[in-house]
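Have a look at coords-v7.cif below; it lists mmCIF, C-alpha atoms.
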```cif
data_start
#
loop_
_atom_site.label_atom_id
_atom_site.label_comp_id
_atom_site.auth_asym_id
_atom_site.auth_seq_id
_atom_site.Cartn_x
_atom_site.Cartn_y
_atom_site.Cartn_z
CA MET A 1 39.32 -119.99 -12.37
CA ALA A 2 38.95 -122.58 -9.63
CA ASN A 3 38.94 -126.10 -10.93
CA LEU A 4 38.28 -129.08 -8.74
CA LYS A 5 40.27 -131.43 -10.92
CA SER A 6 43.46 -129.51 -10.33
CA LYS A 7 42.96 -128.54 -6.69
CA HIS A 8 46.10 -130.41 -5.68
CA VAL A 9 48.22 -128.55 -8.22
CA VAL A 10 50.20 -125.68 -6.71
CA TRP A 11 51.51 -122.78 -8.79
CA HIS A 12 55.29 -122.85 -8.90
CA PRO A 13 56.68 -119.34 -9.40
CA GLY A 14 59.55 -119.19 -11.90
CA ALA A 15 62.81 -117.40 -11.31
CA VAL A 16 62.51 -115.56 -14.64
CA ASN A 17 59.53 -113.24 -14.95
CA LYS A 18 58.01 -111.39 -17.88
CA ALA A 19 59.81 -108.16 -17.05
CA ASP A 20 63.15 -110.02 -17.02
CA ARG A 21 62.40 -111.42 -20.45
CA GLU A 22 61.45 -107.99 -21.80
CA THR A 23 64.72 -106.58 -20.54
CA VAL A 24 66.68 -109.26 -22.40
CA THR A 25 64.63 -109.28 -25.62
CA GLY A 26 64.20 -105.52 -25.83
CA HIS A 27 60.48 -105.64 -26.55
CA LYS A 28 57.18 -106.35 -24.86
CA ALA A 29 55.19 -109.49 -25.47
CA CYS A 30 51.55 -109.66 -26.44
CA THR A 31 49.01 -111.54 -28.47
CA LEU A 32 47.96 -110.03 -31.77
CA TRP A 33 44.64 -111.78 -32.21
CA MET A 34 43.68 -111.57 -35.87
CA THR A 35 40.07 -112.33 -36.68
CA GLY A 36 38.21 -112.22 -39.97
CA LEU A 37 36.31 -114.15 -42.61
CA PRO A 38 37.90 -117.05 -44.49
CA ALA A 39 40.19 -115.65 -47.22
CA SER A 40 40.17 -112.19 -45.64
CA GLY A 41 43.97 -112.26 -45.56
CA LYS A 42 44.77 -113.17 -41.95
CA SER A 43 47.57 -115.64 -42.68
CA THR A 44 49.05 -113.54 -45.48
CA VAL A 45 49.34 -110.48 -43.25
CA ALA A 46 50.49 -112.60 -40.29
CA VAL A 47 53.35 -114.08 -42.33
CA ALA A 48 54.47 -110.67 -43.59
CA LEU A 49 54.19 -109.16 -40.11
CA GLU A 50 56.18 -111.98 -38.52
CA LYS A 51 58.93 -111.44 -41.08
CA ALA A 52 58.95 -107.68 -40.46
CA LEU A 53 59.21 -108.24 -36.71
CA TRP A 54 62.11 -110.72 -36.99
CA ASP A 55 63.87 -108.32 -39.35
CA ARG A 56 63.92 -105.94 -36.38
CA GLY A 57 65.12 -108.63 -33.99
CA VAL A 58 61.69 -109.01 -32.41
CA HIS A 59 60.87 -112.56 -31.39
CA ALA A 60 57.53 -113.32 -33.04
CA TYR A 61 55.56 -116.46 -33.78
CA ILE A 62 52.39 -117.29 -35.66
CA LEU A 63 49.77 -119.64 -34.31
CA ASP A 64 47.39 -120.31 -37.12
CA GLY A 65 44.50 -122.43 -38.19
CA ASP A 66 46.87 -124.55 -40.20
CA ASN A 67 49.64 -125.52 -37.79
CA VAL A 68 47.39 -125.75 -34.71
CA ARG A 69 44.60 -127.63 -36.46
CA HIS A 70 47.10 -130.26 -37.61
CA GLY A 71 48.57 -130.70 -34.13
CA LEU A 72 47.17 -129.59 -30.80
CA ASN A 73 43.60 -129.38 -32.05
CA LYS A 74 43.49 -132.19 -34.57
CA ASP A 75 40.85 -133.90 -32.41
CA LEU A 76 38.44 -131.02 -32.99
CA GLY A 77 35.99 -130.42 -35.83
CA PHE A 78 33.99 -127.38 -36.85
CA SER A 79 30.81 -127.63 -34.79
CA PRO A 80 30.10 -124.63 -32.53
CA GLU A 81 31.32 -126.64 -29.49
CA ASP A 82 34.53 -127.70 -31.19
CA ARG A 83 35.17 -124.19 -32.50
CA ASN A 84 34.73 -122.95 -28.95
CA GLU A 85 37.22 -125.49 -27.57
CA ASN A 86 39.56 -124.72 -30.48
CA ILE A 87 39.65 -121.06 -29.55
CA ARG A 88 39.83 -121.80 -25.82
CA ARG A 89 43.00 -123.86 -26.30
CA ILE A 90 44.52 -121.30 -28.65
CA GLY A 91 43.87 -118.56 -26.10
CA GLU A 92 45.67 -120.59 -23.45
CA VAL A 93 48.63 -121.31 -25.74
CA ALA A 94 48.82 -117.67 -26.81
CA LYS A 95 48.96 -116.72 -23.13
CA LEU A 96 51.92 -119.09 -22.64
CA PHE A 97 53.74 -117.49 -25.57
CA THR A 98 53.14 -114.02 -24.17
CA ASP A 99 54.42 -115.20 -20.81
CA ALA A 100 57.47 -116.56 -22.63
CA GLY A 101 58.23 -113.11 -24.06
CA VAL A 102 57.15 -113.78 -27.63
CA ILE A 103 54.91 -111.51 -29.70
CA ASN A 104 52.47 -114.13 -30.86
CA ILE A 105 50.16 -113.65 -33.81
CA THR A 106 47.06 -115.81 -33.90
CA ALA A 107 45.43 -116.07 -37.31
CA PHE A 108 42.12 -117.86 -36.90
CA ILE A 109 38.68 -117.02 -38.19
CA SER A 110 37.54 -117.05 -34.52
CA PRO A 111 34.02 -116.09 -35.55
CA TYR A 112 32.38 -115.81 -32.14
CA ARG A 113 32.75 -112.62 -30.12
CA ALA A 114 32.30 -114.50 -26.85
CA ASP A 115 35.19 -116.84 -27.64
CA ARG A 116 37.51 -113.96 -28.45
CA ASP A 117 36.47 -112.15 -25.29
CA GLN A 118 37.18 -115.35 -23.36
CA ALA A 119 40.70 -115.46 -24.82
CA ARG A 120 41.16 -111.81 -23.87
CA SER A 121 39.93 -112.48 -20.35
CA LEU A 122 42.89 -114.82 -19.76
CA THR A 123 45.33 -111.97 -20.22
CA LYS A 124 46.42 -108.86 -18.36
CA ALA A 125 45.63 -105.35 -19.65
CA GLY A 126 47.60 -104.57 -22.80
CA GLU A 127 48.56 -108.17 -23.50
CA PHE A 128 45.74 -108.87 -25.95
CA LEU A 129 45.36 -106.81 -29.10
CA GLU A 130 42.41 -107.72 -31.28
CA VAL A 131 43.17 -107.15 -34.97
CA PHE A 132 40.09 -107.06 -37.16
CA VAL A 133 41.00 -108.21 -40.65
CA ASP A 134 38.18 -106.44 -42.39
CA CYS A 135 37.34 -107.58 -45.90
CA SER A 136 33.94 -107.63 -47.57
CA PRO A 137 32.27 -111.06 -47.80
CA GLU A 138 31.99 -110.58 -51.58
CA GLU A 139 35.71 -109.93 -51.95
CA CYS A 140 36.62 -112.92 -49.73
CA GLU A 141 34.44 -115.18 -51.83
CA ARG A 142 35.90 -113.75 -55.03
CA ARG A 143 39.46 -114.53 -53.83
CA ASP A 144 38.72 -118.00 -52.45
CA PRO A 145 42.36 -119.18 -52.85
CA LYS A 146 41.66 -122.67 -51.52
CA GLY A 147 38.30 -123.13 -53.23
CA HIS A 148 36.55 -123.38 -49.87
CA TYR A 149 33.75 -120.91 -50.61
CA LYS A 150 32.95 -122.83 -53.77
CA LYS A 151 32.83 -126.12 -51.86
CA ALA A 152 30.74 -124.52 -49.12
CA ARG A 153 28.26 -123.21 -51.68
CA ALA A 154 28.09 -126.73 -53.12
CA GLY A 155 27.46 -128.13 -49.63
CA GLU A 156 30.75 -130.06 -49.62
CA ILE A 157 31.98 -128.18 -46.54
CA LYS A 158 29.51 -127.86 -43.69
CA GLU A 159 29.38 -125.03 -41.17
CA PHE A 160 31.60 -122.75 -43.22
CA THR A 161 31.92 -119.27 -41.73
CA GLY A 162 30.29 -116.63 -43.91
CA ILE A 163 28.19 -119.15 -45.81
CA SER A 164 26.61 -121.60 -43.40
CA ALA A 165 28.00 -120.44 -40.05
CA PRO A 166 27.95 -116.93 -38.55
CA TYR A 167 30.78 -114.41 -38.25
CA GLU A 168 30.56 -111.79 -35.53
CA PRO A 169 32.90 -108.85 -36.26
CA PRO A 170 34.72 -107.22 -33.33
CA LEU A 171 32.99 -104.19 -31.79
CA THR A 172 36.08 -102.43 -30.41
CA PRO A 173 39.22 -104.00 -31.89
CA GLU A 174 42.52 -102.37 -30.96
CA ILE A 175 43.55 -102.44 -34.62
CA THR A 176 41.61 -102.70 -37.88
CA ILE A 177 43.18 -103.47 -41.23
CA ARG A 178 41.16 -103.34 -44.42
CA THR A 179 42.64 -105.90 -46.74
CA HIS A 180 40.33 -105.05 -49.63
CA LYS A 181 41.54 -101.45 -49.53
CA GLN A 182 45.09 -101.61 -48.13
CA SER A 183 48.09 -103.39 -49.62
CA GLU A 184 49.80 -106.13 -47.62
CA GLU A 185 52.61 -103.70 -46.81
CA ASP A 186 50.12 -101.08 -45.61
CA CYS A 187 48.43 -103.61 -43.36
CA VAL A 188 51.76 -104.58 -41.81
CA ALA A 189 52.65 -100.90 -41.38
CA THR A 190 49.33 -100.21 -39.64
CA ILE A 191 50.01 -102.93 -37.08
CA MET A 192 53.69 -102.05 -36.68
CA THR A 193 52.85 -98.40 -36.08
CA TYR A 194 50.40 -99.40 -33.36
CA LEU A 195 53.08 -101.55 -31.71
CA GLU A 196 55.62 -98.73 -31.87
CA LYS A 197 53.29 -95.98 -30.63
CA ASN A 198 52.18 -98.10 -27.72
CA GLY A 199 55.68 -99.14 -26.70
CA TYR A 200 55.55 -102.83 -27.59
CA VAL A 201 58.51 -102.65 -29.93
CA PRO A 202 61.22 -100.01 -30.36
CA THR A 203 60.80 -97.52 -33.18
CA ALA A 204 62.78 -98.63 -36.23
CA MET B 1 49.07 -137.88 -39.42
CA ALA B 2 46.10 -137.69 -41.74
CA ASN B 3 42.98 -136.44 -40.06
CA LEU B 4 39.63 -136.38 -41.78
CA LYS B 5 38.34 -133.53 -39.68
CA SER B 6 41.01 -131.18 -40.97
CA LYS B 7 41.24 -132.39 -44.56
CA HIS B 8 40.28 -128.96 -45.85
CA VAL B 9 43.04 -127.26 -43.89
CA VAL B 10 46.11 -126.45 -45.98
CA TRP B 11 49.54 -125.91 -44.47
CA HIS B 12 50.61 -122.30 -44.91
CA PRO B 13 54.42 -122.02 -45.03
CA GLY B 14 55.80 -119.10 -43.02
CA ALA B 15 58.38 -116.67 -44.30
CA VAL B 16 60.51 -117.14 -41.17
CA ASN B 17 61.86 -120.65 -40.65
CA LYS B 18 63.62 -122.34 -37.75
CA ALA B 19 67.06 -121.75 -39.22
CA ASP B 20 66.29 -118.03 -39.55
CA ARG B 21 65.27 -117.91 -35.91
CA GLU B 22 68.42 -119.71 -34.81
CA THR B 23 70.53 -117.22 -36.73
CA VAL B 24 68.88 -114.33 -34.90
CA THR B 25 68.76 -115.89 -31.42
CA GLY B 26 72.21 -117.46 -31.60
CA HIS B 27 71.10 -120.83 -30.28
CA LYS B 28 69.19 -123.91 -31.37
CA ALA B 29 65.75 -124.74 -30.09
CA CYS B 30 64.65 -128.01 -28.57
CA THR B 31 62.42 -129.58 -25.97
CA LEU B 32 64.07 -130.68 -22.74
CA TRP B 33 61.48 -133.20 -21.61
CA MET B 34 61.96 -133.78 -17.89
CA THR B 35 60.29 -136.86 -16.45
CA GLY B 36 60.35 -138.27 -12.94
CA LEU B 37 58.35 -139.14 -9.85
CA PRO B 38 56.39 -136.52 -7.93
CA ALA B 39 58.81 -134.50 -5.74
CA SER B 40 61.83 -135.79 -7.69
CA GLY B 41 62.87 -132.19 -8.34
CA LYS B 42 61.69 -131.56 -11.91
CA SER B 43 60.31 -128.06 -11.35
CA THR B 44 63.15 -127.02 -9.05
CA VAL B 45 65.78 -127.95 -11.62
CA ALA B 46 63.68 -126.53 -14.48
CA VAL B 47 63.44 -123.14 -12.76
CA ALA B 48 67.17 -123.02 -12.07
CA LEU B 49 67.99 -124.14 -15.61
CA GLU B 50 65.68 -121.56 -17.17
CA LYS B 51 67.39 -118.85 -15.12
CA ALA B 52 70.85 -120.09 -16.16
CA LEU B 53 69.82 -120.08 -19.81
CA TRP B 54 68.40 -116.54 -19.71
CA ASP B 55 71.54 -115.37 -17.94
CA ARG B 56 73.33 -116.41 -21.12
CA GLY B 57 70.80 -114.71 -23.35
CA VAL B 58 69.18 -117.99 -24.35
CA HIS B 59 65.44 -117.76 -24.82
CA ALA B 60 63.98 -120.48 -22.59
CA TYR B 61 60.54 -121.27 -21.20
CA ILE B 62 59.11 -123.79 -18.79
CA LEU B 63 55.91 -125.67 -19.45
CA ASP B 64 55.01 -127.41 -16.24
CA GLY B 65 52.29 -129.31 -14.50
CA ASP B 66 51.32 -126.20 -12.66
CA ASN B 67 50.87 -123.57 -15.35
CA VAL B 68 49.50 -125.94 -18.01
CA ARG B 69 47.17 -127.80 -15.65
CA HIS B 70 45.62 -124.48 -14.61
CA GLY B 71 45.11 -123.34 -18.20
CA LEU B 72 45.23 -125.38 -21.39
CA ASN B 73 44.56 -128.67 -19.65
CA LYS B 74 42.25 -127.62 -16.85
CA ASP B 75 39.53 -129.80 -18.35
CA LEU B 76 41.63 -132.92 -17.73
CA GLY B 77 41.94 -135.07 -14.63
CA PHE B 78 44.38 -137.81 -13.66
CA SER B 79 42.89 -140.96 -15.19
CA PRO B 80 45.15 -142.83 -17.63
CA GLU B 81 43.15 -141.40 -20.56
CA ASP B 82 43.34 -137.84 -19.27
CA ARG B 83 47.05 -138.20 -18.48
CA ASN B 84 47.53 -139.39 -22.04
CA GLU B 85 45.66 -136.39 -23.49
CA ASN B 86 47.52 -134.10 -21.07
CA ILE B 87 50.86 -135.29 -22.41
CA ARG B 88 49.65 -135.29 -26.02
CA ARG B 89 48.71 -131.62 -25.81
CA ILE B 90 51.93 -130.72 -24.03
CA GLY B 91 53.93 -132.49 -26.72
CA GLU B 92 52.14 -130.45 -29.37
CA VAL B 93 52.70 -127.17 -27.51
CA ALA B 94 56.35 -128.03 -26.90
CA LYS B 95 56.72 -128.60 -30.64
CA LEU B 96 55.29 -125.13 -31.31
CA PHE B 97 57.79 -123.56 -28.88
CA THR B 98 60.67 -125.40 -30.55
CA ASP B 99 59.41 -124.19 -33.92
CA ALA B 100 59.31 -120.67 -32.45
CA GLY B 101 63.01 -120.90 -31.55
CA VAL B 102 62.60 -121.30 -27.80
CA ILE B 103 64.40 -123.89 -25.67
CA ASN B 104 61.38 -125.26 -23.87
CA ILE B 105 61.59 -127.24 -20.67
CA THR B 106 58.66 -129.47 -19.86
CA ALA B 107 58.46 -130.54 -16.24
CA PHE B 108 55.73 -133.15 -15.94
CA ILE B 109 55.68 -136.51 -14.23
CA SER B 110 54.77 -137.97 -17.66
CA PRO B 111 54.78 -141.49 -16.21
CA TYR B 112 54.05 -143.49 -19.35
CA ARG B 113 56.84 -144.38 -21.75
CA ALA B 114 54.45 -144.59 -24.68
CA ASP B 115 53.21 -141.04 -24.07
CA ARG B 116 56.75 -139.66 -23.96
CA ASP B 117 57.65 -141.56 -27.10
CA GLN B 118 54.56 -140.11 -28.74
CA ALA B 119 55.72 -136.59 -27.85
CA ARG B 120 59.16 -137.41 -29.26
CA SER B 121 57.62 -138.74 -32.45
CA LEU B 122 56.20 -135.29 -33.22
CA THR B 123 59.69 -133.83 -33.46
CA LYS B 124 62.65 -134.00 -35.80
CA ALA B 125 65.90 -135.70 -34.81
CA GLY B 126 67.71 -133.74 -32.11
CA GLU B 127 64.73 -131.62 -31.16
CA PHE B 128 63.60 -133.79 -28.25
CA LEU B 129 65.91 -134.44 -25.32
CA GLU B 130 64.51 -136.69 -22.62
CA VAL B 131 65.83 -135.74 -19.20
CA PHE B 132 65.33 -138.43 -16.58
CA VAL B 133 65.05 -136.82 -13.16
CA ASP B 134 66.16 -139.85 -11.21
CA CYS B 135 65.38 -139.89 -7.51
CA SER B 136 64.56 -142.89 -5.34
CA PRO B 137 60.87 -143.35 -4.47
CA GLU B 138 61.78 -143.33 -0.77
CA GLU B 139 63.57 -139.98 -1.07
CA CYS B 140 60.69 -138.45 -3.06
CA GLU B 141 58.22 -139.55 -0.41
CA ARG B 142 60.47 -138.27 2.37
CA ARG B 143 60.64 -134.81 0.72
CA ASP B 144 56.93 -134.54 -0.14
CA PRO B 145 56.97 -130.72 -0.18
CA LYS B 146 53.28 -130.41 -1.02
CA GLY B 147 52.09 -133.23 1.25
CA HIS B 148 50.83 -135.19 -1.76
CA TYR B 149 52.43 -138.53 -0.88
CA LYS B 150 50.86 -138.31 2.57
CA LYS B 151 47.45 -137.60 1.06
CA ALA B 152 47.91 -140.39 -1.48
CA ARG B 153 48.80 -142.86 1.29
CA ALA B 154 45.65 -141.73 3.09
CA GLY B 155 43.62 -142.29 -0.07
CA GLU B 156 42.77 -138.59 -0.37
CA ILE B 157 44.45 -138.34 -3.81
CA LYS B 158 43.58 -141.09 -6.24
CA GLU B 159 45.84 -142.40 -8.99
CA PHE B 160 48.96 -140.80 -7.57
CA THR B 161 52.10 -141.75 -9.48
CA GLY B 162 54.44 -143.88 -7.37
CA ILE B 163 51.72 -144.86 -4.89
CA SER B 164 48.57 -145.83 -6.75
CA ALA B 165 49.58 -145.28 -10.37
CA PRO B 166 52.65 -146.59 -12.23
CA TYR B 167 55.82 -144.77 -13.24
CA GLU B 168 57.82 -146.11 -16.17
CA PRO B 169 61.38 -144.74 -16.16
CA PRO B 170 63.01 -143.88 -19.50
CA LEU B 171 65.11 -146.62 -21.08
CA THR B 172 67.48 -144.43 -23.10
CA PRO B 173 67.16 -140.81 -21.96
CA GLU B 174 69.53 -138.31 -23.56
CA ILE B 175 70.33 -136.89 -20.11
CA THR B 176 70.01 -138.28 -16.59
CA ILE B 177 70.27 -136.19 -13.45
CA ARG B 178 70.27 -137.77 -10.01
CA THR B 179 68.64 -135.32 -7.68
CA HIS B 180 69.21 -137.44 -4.58
CA LYS B 181 72.96 -137.44 -5.25
CA GLN B 182 73.63 -134.21 -7.16
CA SER B 183 73.07 -130.65 -5.98
CA GLU B 184 70.68 -128.40 -7.89
CA GLU B 185 73.69 -126.61 -9.39
CA ASP B 186 75.24 -129.91 -10.48
CA CYS B 187 72.01 -130.95 -12.15
CA VAL B 188 71.85 -127.68 -14.08
CA ALA B 189 75.51 -128.05 -15.04
CA THR B 190 74.92 -131.60 -16.32
CA ILE B 191 72.17 -130.38 -18.63
CA MET B 192 74.02 -127.24 -19.70
CA THR B 193 77.12 -129.25 -20.55
CA TYR B 194 75.04 -131.54 -22.75
CA LEU B 195 73.55 -128.53 -24.54
CA GLU B 196 76.99 -127.01 -25.07
CA LYS B 197 78.68 -130.20 -26.25
CA ASN B 198 75.91 -130.91 -28.70
CA GLY B 199 75.83 -127.42 -30.13
CA TYR B 200 72.44 -126.26 -28.83
CA VAL B 201 73.87 -123.26 -27.00
CA PRO B 202 77.21 -121.48 -27.29
CA THR B 203 79.86 -122.34 -24.72
CA ALA B 204 79.86 -119.78 -21.91
#
```

Can you dump the structure from the file as structure tokens?
Amino acid sequence: MANLKSKHVVWHPGAVNKADRETVTGHKACTLWMTGLPASGKSTVAVALEKALWDRGVHAYILDGDNVRHGLNKDLGFSPEDRNENIRRIGEVAKLFTDAGVINITAFISPYRADRDQARSLTKAGEFLEVFVDCSPEECERRDPKGHYKKARAGEIKEFTGISAPYEPPLTPEITIRTHKQSEEDCVATIMTYLEKNGYVPTA
Amino acid sequence: MANLKSKHVVWHPGAVNKADRETVTGHKACTLWMTGLPASGKSTVAVALEKALWDRGVHAYILDGDNVRHGLNKDLGFSPEDRNENIRRIGEVAKLFTDAGVINITAFISPYRADRDQARSLTKAGEFLEVFVDCSPEECERRDPKGHYKKARAGEIKEFTGISAPYEPPLTPEITIRTHKQSEEDCVATIMTYLEKNGYVPTA
């Protein structure tokens, strides 16, 4: 996208390209963009998936609502505008990680379809895999490991997705996991199988 | 740093830690924070260094004024406030790459000492190596590969570091390279030797 502010900045091509990195690492890089309601299991599955990938020697890294919110995006709140900027920045950082050769797993609610599509639009074909972490609202609220649903119901947390802010499920995600029906191991296996069948990582 | 906006966000510990990554990759991760005047040679040395690291199987990645300014920070200009936010975000992203096990090389003018110290303050001891790309102002202006000094002298670029905006050199950088006296290869060797001697990468 053209941007007047950076019109004097010239792209400096690196000597190491993505294909070079893939040759060295032995796997392709991509963003696994997990999206789902609060307490749907995004971070839990992301952590288990990251571990499974490293166990195979695949360089993986999680960007999640916790580490990014405390750092890069600590200036942002939870209004629609700030959520939009939150996801915009995460999309840009995810793109850098893909460029660096890392399979990056983003685990954010990312409730708005348009924001996720914007993140996808930054990437080349096959570099962005949307993972719908599908869990019924009732089950998410029943789990509520951090007590957030309870606080949201009490009005102590404003603009809480699923209670007082909307969630727009993906229409055509590359991968769907159903955390209220599948075990954690099954969810990881579903994603890993997709990555294997589509040539992102070698078959174990 | 405590932040009211994110007080409901809880840190989610990952199953793969930095030490695990280092065991798999065979090297330590850190930020090599290059700082210097425009046209001092930051990107040139960064590109050559990244190539040298990959040739050894070391996972490296450049964050530079070009790729970050066109993406994550495309909403920012060149005022002191925007430069500050530019460097703040880069420091946070660099920290994520270090956490991911990647030797990340940032190649930004990063003219303000306080901003660089802020980026350092995000990291643990030994994770942030300041690399002063030392080149005389006269030599930088003579090189001027993108014609920026000329435009700045003509007033076509405002707040240009070295002409109409200040540059504060590092006081105690971990590494200094002198691009007006050393060849590109020598500069890379200076940095690589530091990394070897201090145990970041195996000796070739």

List the neighbours of segment 52-54 of chain B out to 8 Å using all atoms listed in the file; skip same-chain residues closer than 4 positions along the sequence, and give me the result as an NGL selection string.
(:A and (16 or 21 or 24)) or (:B and (48 or 58-60 or 188))

Take every atom of segment 52-64 of chain B listed in the file, fit an axis-aligned box around them, add 3 Å per side, and give the centre and edge lengths in Å to one decimal as AutoDock Vina command-line options.
```
--center_x 64.2 --center_y -121.1 --center_z -20.5 --size_x 24.3 --size_y 18.7 --size_z 14.7
```

Enter the distance from atom CA of Arg153 of chain A to atom CA of Glu138 of chain A, in Å, rounded to one decimal.
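Distance reported for this atom pair: 13.2 Å.
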
Could you list, as JSON, numbers by chain, every residue matched by the PyMOL selection byres ((chain A and resi 35) around 7) in this structure?
{"A": [33, 34, 36, 107, 108, 109, 110, 131, 132, 133]}

Just to be explicit: take each residue in the selection above, keep C-alpha atoms, and write the result as a CSV table (one decimal), in the coordinates of the input.
```csv
chain,number,residue,atom,x,y,z
A,33,TRP,CA,44.6,-111.8,-32.2
A,34,MET,CA,43.7,-111.6,-35.9
A,36,GLY,CA,38.2,-112.2,-40.0
A,107,ALA,CA,45.4,-116.1,-37.3
A,108,PHE,CA,42.1,-117.9,-36.9
A,109,ILE,CA,38.7,-117.0,-38.2
A,110,SER,CA,37.5,-117.0,-34.5
A,131,VAL,CA,43.2,-107.2,-35.0
A,132,PHE,CA,40.1,-107.1,-37.2
A,133,VAL,CA,41.0,-108.2,-40.6
```

Which of these residues is nearest to chain B, using all atoms listed in the file: A:Leu171, A:Ile163, A:Ile191, A:Leu122?
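Residue with the minimum atom-to-atom distance to chain B: A:Leu122.
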
Report as an MDAnalysis selection string all protein, DNA and RNA residues lying within 12 Å of segment 43-46 of chain A, evaluated on all atoms listed in the file, omitting residues in the same chain fewer than 2 positions from it.
(chainID A and resid 31:41 48:53 60:67 103:109 131:134 145 177:179 182:192) or (chainID B and resid 10:16)

Using only C-alpha atoms for the distances, tell me which of A:Thr25, A:Thr193, A:Thr203, A:Asn17 is nearest to Val47 of chain B.
A:Asn17

Starting from the shown file, work through the PyMOL selection byres ((chain A and resi 71) around 9) and note down what comes out as an NGL selection string.
(:A and (66-70 or 72-75)) or (:B and (1 or 89 or 92-93 or 122))

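Candidate residues B:Asn84, B:Thr23, B:Thr176, B:Ser79 were compared for distance to Gln118 of chain B, and the nearest is B:Asn84, using all atoms listed in the file.
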
Neighbours of Pro166 of chain B within 7 Å (all atoms listed in the file; same-chain residues fewer than 4 positions away dropped), as a PyMOL selection string?
chain B and resi 111+161-162

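Closest approach to Phe78 of chain B among B:Glu174, B:Ile157, B:Asn198, B:Cys30 is made by B:Ile157 (distances from only C-alpha atoms).
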
Report, in Å with one decimal, the straight-line distance from atom CA of Lys158 of chain A to atom CA of Arg143 of chain A.
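Answer for the atom CA of Lys158 of chain A to atom CA of Arg143 of chain A separation: 19.5 Å.
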
Hey, can you check how far atom CA of Lys95 of chain B sits from atom CA of Arg120 of chain B?
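Result for atom CA of Lys95 of chain B versus atom CA of Arg120 of chain B: 9.2 Å, one decimal.
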
From the options B:Tyr194, B:Phe160, B:Tyr200, B:Tyr112, which residue's atoms come nearest to chain A, counting only C-alpha atoms?
B:Phe160

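Between Lys28 of chain B and the residues B:Glu168, B:Glu139, B:Asp99, B:Asp117, the shortest atom-to-atom distance, using only C-alpha atoms, involves B:Asp99.
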